[in-house]
Structure formats: C-alpha cells, structure tokens
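Reading through the structure tokens given below for one structure.
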Number of protein chains: 2
Amino acid sequence: MWLRPSGRAGRDAPPLSRDRIVEEAVALLDAEGADRLTMRRLAERLGTGSTTLYWHVKTKDDVLDLALDTIFAEVAVPRRGEGGWRADVTALINGWRATLLRHPWSAALLGRPMLGPNVLARSEFLYATLLEAGVIEPHLTAAAYGLSNYVIGSALMESTWLTTTEREVEHAAREHVHANRDRYPALAAHGPFVAGDDWDTTFALGLTWLLDGIQATIAGADGAAPA
Amino acid sequence: MWLRPSGRAGRDAPPLSRDRIVEEAVALLDAEGADRLTMRRLAERLGTGSTTLYWHVKTKDDVLDLALDTIFAEVAVPRRGEGGWRADVTALINGWRATLLRHPWSAALLGRPMLGPNVLARSEFLYATLLEAGVIEPHLTAAAYGLSNYVIGSALMESTWLTTTEREVEHAAREHVHANRDRYPALAAHGPFVAGDDWDTTFALGLTWLLDGIQATIAGADGAAPA
DNA sequence: CTGGAGACCGGATCAATGATCCGGTGCCCG
DNA sequence: CGGGCACCGGATCATTGATCCGGTCTCCAG
C-alpha cells in the first residue's frame, strides 16, 4: 500500500486505453509475428491482466482489425496534382507496399474486410485521383481493384517468401526443383528459387504495365507522359 | 465381436490413408470454411479418433498444405500452342482464379509457401509458355509474378468480400461510407459498396492490361493478336 | 502352426489459448 | 461522504493442437 503512486502496476503506465493496446499489439506483431500474438502475452507487455483487455476490446479479432488499420496510417497520401495522376498513384501504391512489407504479419491478415478509416482514406484518394485523371466507369473499378489486388498479392507473396525463407525451406525448394528438373525444366532454368529475385524492380514492372493499361483507357490520353 | 467385418468402425471405410484425410479435409473446408476445420471434427467425419490422424500426418498445417495443393489439380493446364501464348496464359489464369473462388477458404491460406507438385506444375507451364513466347529475363520473372500476384490478390479480395458480405457487413459498410460522404466523396459516388461489382469483367480488364504490358516487351511482338 | 514384429488405431491427457463470470478498487460527483 | 461507475484481474470454462502409451490386427519367418 505504501508507495503506490496511482494504484496502477508500474509507476508510469498511462491508464491503458484502446489505443495503447493497439499500439502495443503492433509492436508485438512486428517483433514476433502473427502467431505469437496472444491476449495474455499482449496483456503481459502492457503490465495488466489478460482479461482486462476485454473491457476495451470485444474480441481478439478486433485487435487485429485495429492493428491492420493502424499501420495504414503510415502510408503517405500524396498531395495531388504535383506530378500528374501517374506519379500520385505510383507514390501511393509504393508507400502501400512498403508499409505492408515493413509489417510482414499484415499480409496474412488481408483476408478480412478492411474498412478502417485509414484504409478508406487511401481508397478514397485512389478513386479520386483516377476519377480526376479521366478514368471512367467500367475501367475505374477495374483500375482501383487491379492496383489494390496487385499490391496485396505482391506483398503477400514477398512476405511469405521472405519470412519462410532463411530456414531450410528455400534451400529445400531450390534443391527439389533442381532434382526434378526434367519435370520442371523452365522453373529449374529460370524460375524463382534459382536466383535471389529483385522484388523491387519486379514489382515496378508489373505496376508499370497496369498503369499503362489504365492510361490507355483515358479518352484524351492527356495524363502524364508514360515516362 | 460378432459381426465385425474388418475391425474398422463402419462396414466399408477404406483403411484411412493420407489421401482420404486430405480429400475429406477439402470437403469439410468447402462445406464449413477454414476456421471450422478441426482435427477432431475431421476425424469424426472420417469415423476415426482424432489422434489417429497424427499417424498419417505430422501436423494440422500439413493437412492444410496438402489440401491447398490438392485443389490446384482442378485447374486445367491448357495444351500449349492452340491459340498462341496469350490464349494459353489466359486460360490458365482464369482456371486458377475459378478454382480459388470455388474453394473460398483457399485464398486465406495463400500466405504459406506453395510448393506442392500441382502448384509447381502450373508454375512450370506459366514459365514455359512465357519463355516460348519470347519473354526474356527481367520481364520473365515480373510477368510470372505479376500474373500470380494479380490472381491471388483478386481471389483473396473477392472471396473475402463475398464471404463476409451477406451478413450485415456489406450493408453497414455501404451505409457508413454514405453517411460520411463528405469525407469519402469519390467512394460514395463510385466506389465499391455502391453497386454490386461485376467481378468477372473487372478481373478480365486488369488481366488484359497485364498481358498487353507483357506482350509489349516481346522483341518481335509476334505473339497472338491483342484481341 | 505360432509367435513376434510392425503397421495402425484411439482413449486419456497436457498445455495453450480465447473468452466469460464475478468480485473487487479507486475516483468523482452530487 | 456515500453511492455509482469506469476500470481491473483472479478463477474458471470450453476448445483445440498435439503427445503418450497401450491395444489390435495382419502377415510372415521359423
């Protein structure tokens, strides 16, 4: 009883808000990955009991949803109109990808509806930019979805590969493909597994193709020059 | 003891092989989704004890990996050279997408290394077709990855949305965006949530853009006509 | 035959985890 | 100053992945 500054466990310890929980969850996810996130472990890091968390949050999935939306705050929304729609979209998409890769656990969580404010704000920017560029309806949805799906798929694949790699898996895969190179001639000669891929340029190429396709659908075709 | 045809539980019941386990796992996943797959439930459907499964399979993740590779057997590998590389690639990718959508649980599992024989065979076909078409190295990897990532991302998004929808989520999302239409003007006016998307044509458009981009990198550009 | 080796099966059990119940504790406001 | 309310957490439950260990059946060597 003596010397208990505030009734809380530690001496500092801000009063444990939902924000603090999510913040710490992101830290834990970054540090140890998605499967190590436990309500108990999270609570321990926060210096509270595990059950206390349930007062601020309904379920563990809520924590994950909130954590996912939180990191989207990191992707900068470009100021529009600086270098044309292409530059703006490219900047957004690259920032998006960078954030997903900076938090490898995020890619595995993309299989849940993303409706947080940060995600919506980025989607809004994407739609607005494309609209202003002159992309019209059948292509508008395709463009927005196409770009999103491409980033998501790329990040998912790269995260999976990079996380899983290092262990014996990459080695085993390489060896297996090589051992059966009669069955997989093209893969053995050129496929992944043979040389460390340059993810960045690979991603950039695909993105260029998508942007070119989108640009071609614009009537006047007066967007930024195709580089 | 009397009347025990074979010592097995039921009268038929083929002796429970690894294949039978995986087959039943796929059925269960199709019927009830990824989160309802339990070793106990799976064993029950097979008419055995749950612990017996561990004799044929090391972990639950093994079951998932095997199940994932199994459904890839469904995607038909086109006979090459019928309508040019574009037709072949398009057929493969569309089949791929169809399979992923037919088993919505699969999209969520894509965050694990896919190294099963069926997956590898499809990758091999993709690489071989692109190679033969004249796609060369910086673009080869980008093309293969780009296409894969695009299908994966698309299937993941569509499955997520379709699965989650039906419930109140779609309704709530639509309403939320509309309520804050001052913050999300473009989304409220054109975004998803406003009209049921035509996933098929949306997907086809993005695929066309990617294929156009790939085709443009081919030297002689003598692939099939761009339709 | 026959007896044992090995494939195959499953009940009991363990540890980890998500979630709830319910009884606190301290602060604030009337 | 006293009651209400936001907030906390120990005990507890059900579920699940996984292991231990002892049982059963088959089949082949001697």
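A note on labels: chains of the structure tokens are A, B, ... as shown, every chain counts residues from 1, and ligands are counted from 1 in their shown order.
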Within 9 Å of chain C, which residues of chain B show up? Give each one with its shortest atom-to-atom distance in Å (one decimal) and the two atoms involved, counting only C-alpha atoms (C1' of nucleotides), rows by chain then rising residue number, as a Markdown table.
```
| residue | atom | partner | partner_atom | distance |
| --- | --- | --- | --- | --- |
| B:Thr48 | CA | C:DG10 | C1' | 7.9 |
| B:Gly49 | CA | C:DG10 | C1' | 5.4 |
| B:Ser50 | CA | C:DG10 | C1' | 7.7 |
| B:Thr51 | CA | C:DG10 | C1' | 6.5 |
| B:Thr52 | CA | C:DC9 | C1' | 5.9 |
| B:Trp55 | CA | C:DC8 | C1' | 8.0 |
```
Pick out the chain D residues within 10 Å of chain B. Count only C-alpha atoms (C1' of nucleotides). Give them as a list of chain:residue names.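 Every residue of chain D that passes the 10 Å test is in D:DT15, D:DT16, D:DG17, D:DA18, D:DT19, D:DT24, D:DC25.
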Select all residues from chain B having any atom no more than 6 Å from an atom of chain A (counting only C-alpha atoms, ignoring ligands), output as a ChimeraX atom specification. /B:108,111-112,124,127-128,142,146,149-150,152-154,160,184,186-187,202,206,209-210,213
So the first atom is CA of Arg174 (chain A) and the second is CA of Ser106 (chain A); what is the distance between them in Å, to one decimal place?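 Separation of CA of Arg174 (chain A) and CA of Ser106 (chain A): 26.6 Å.
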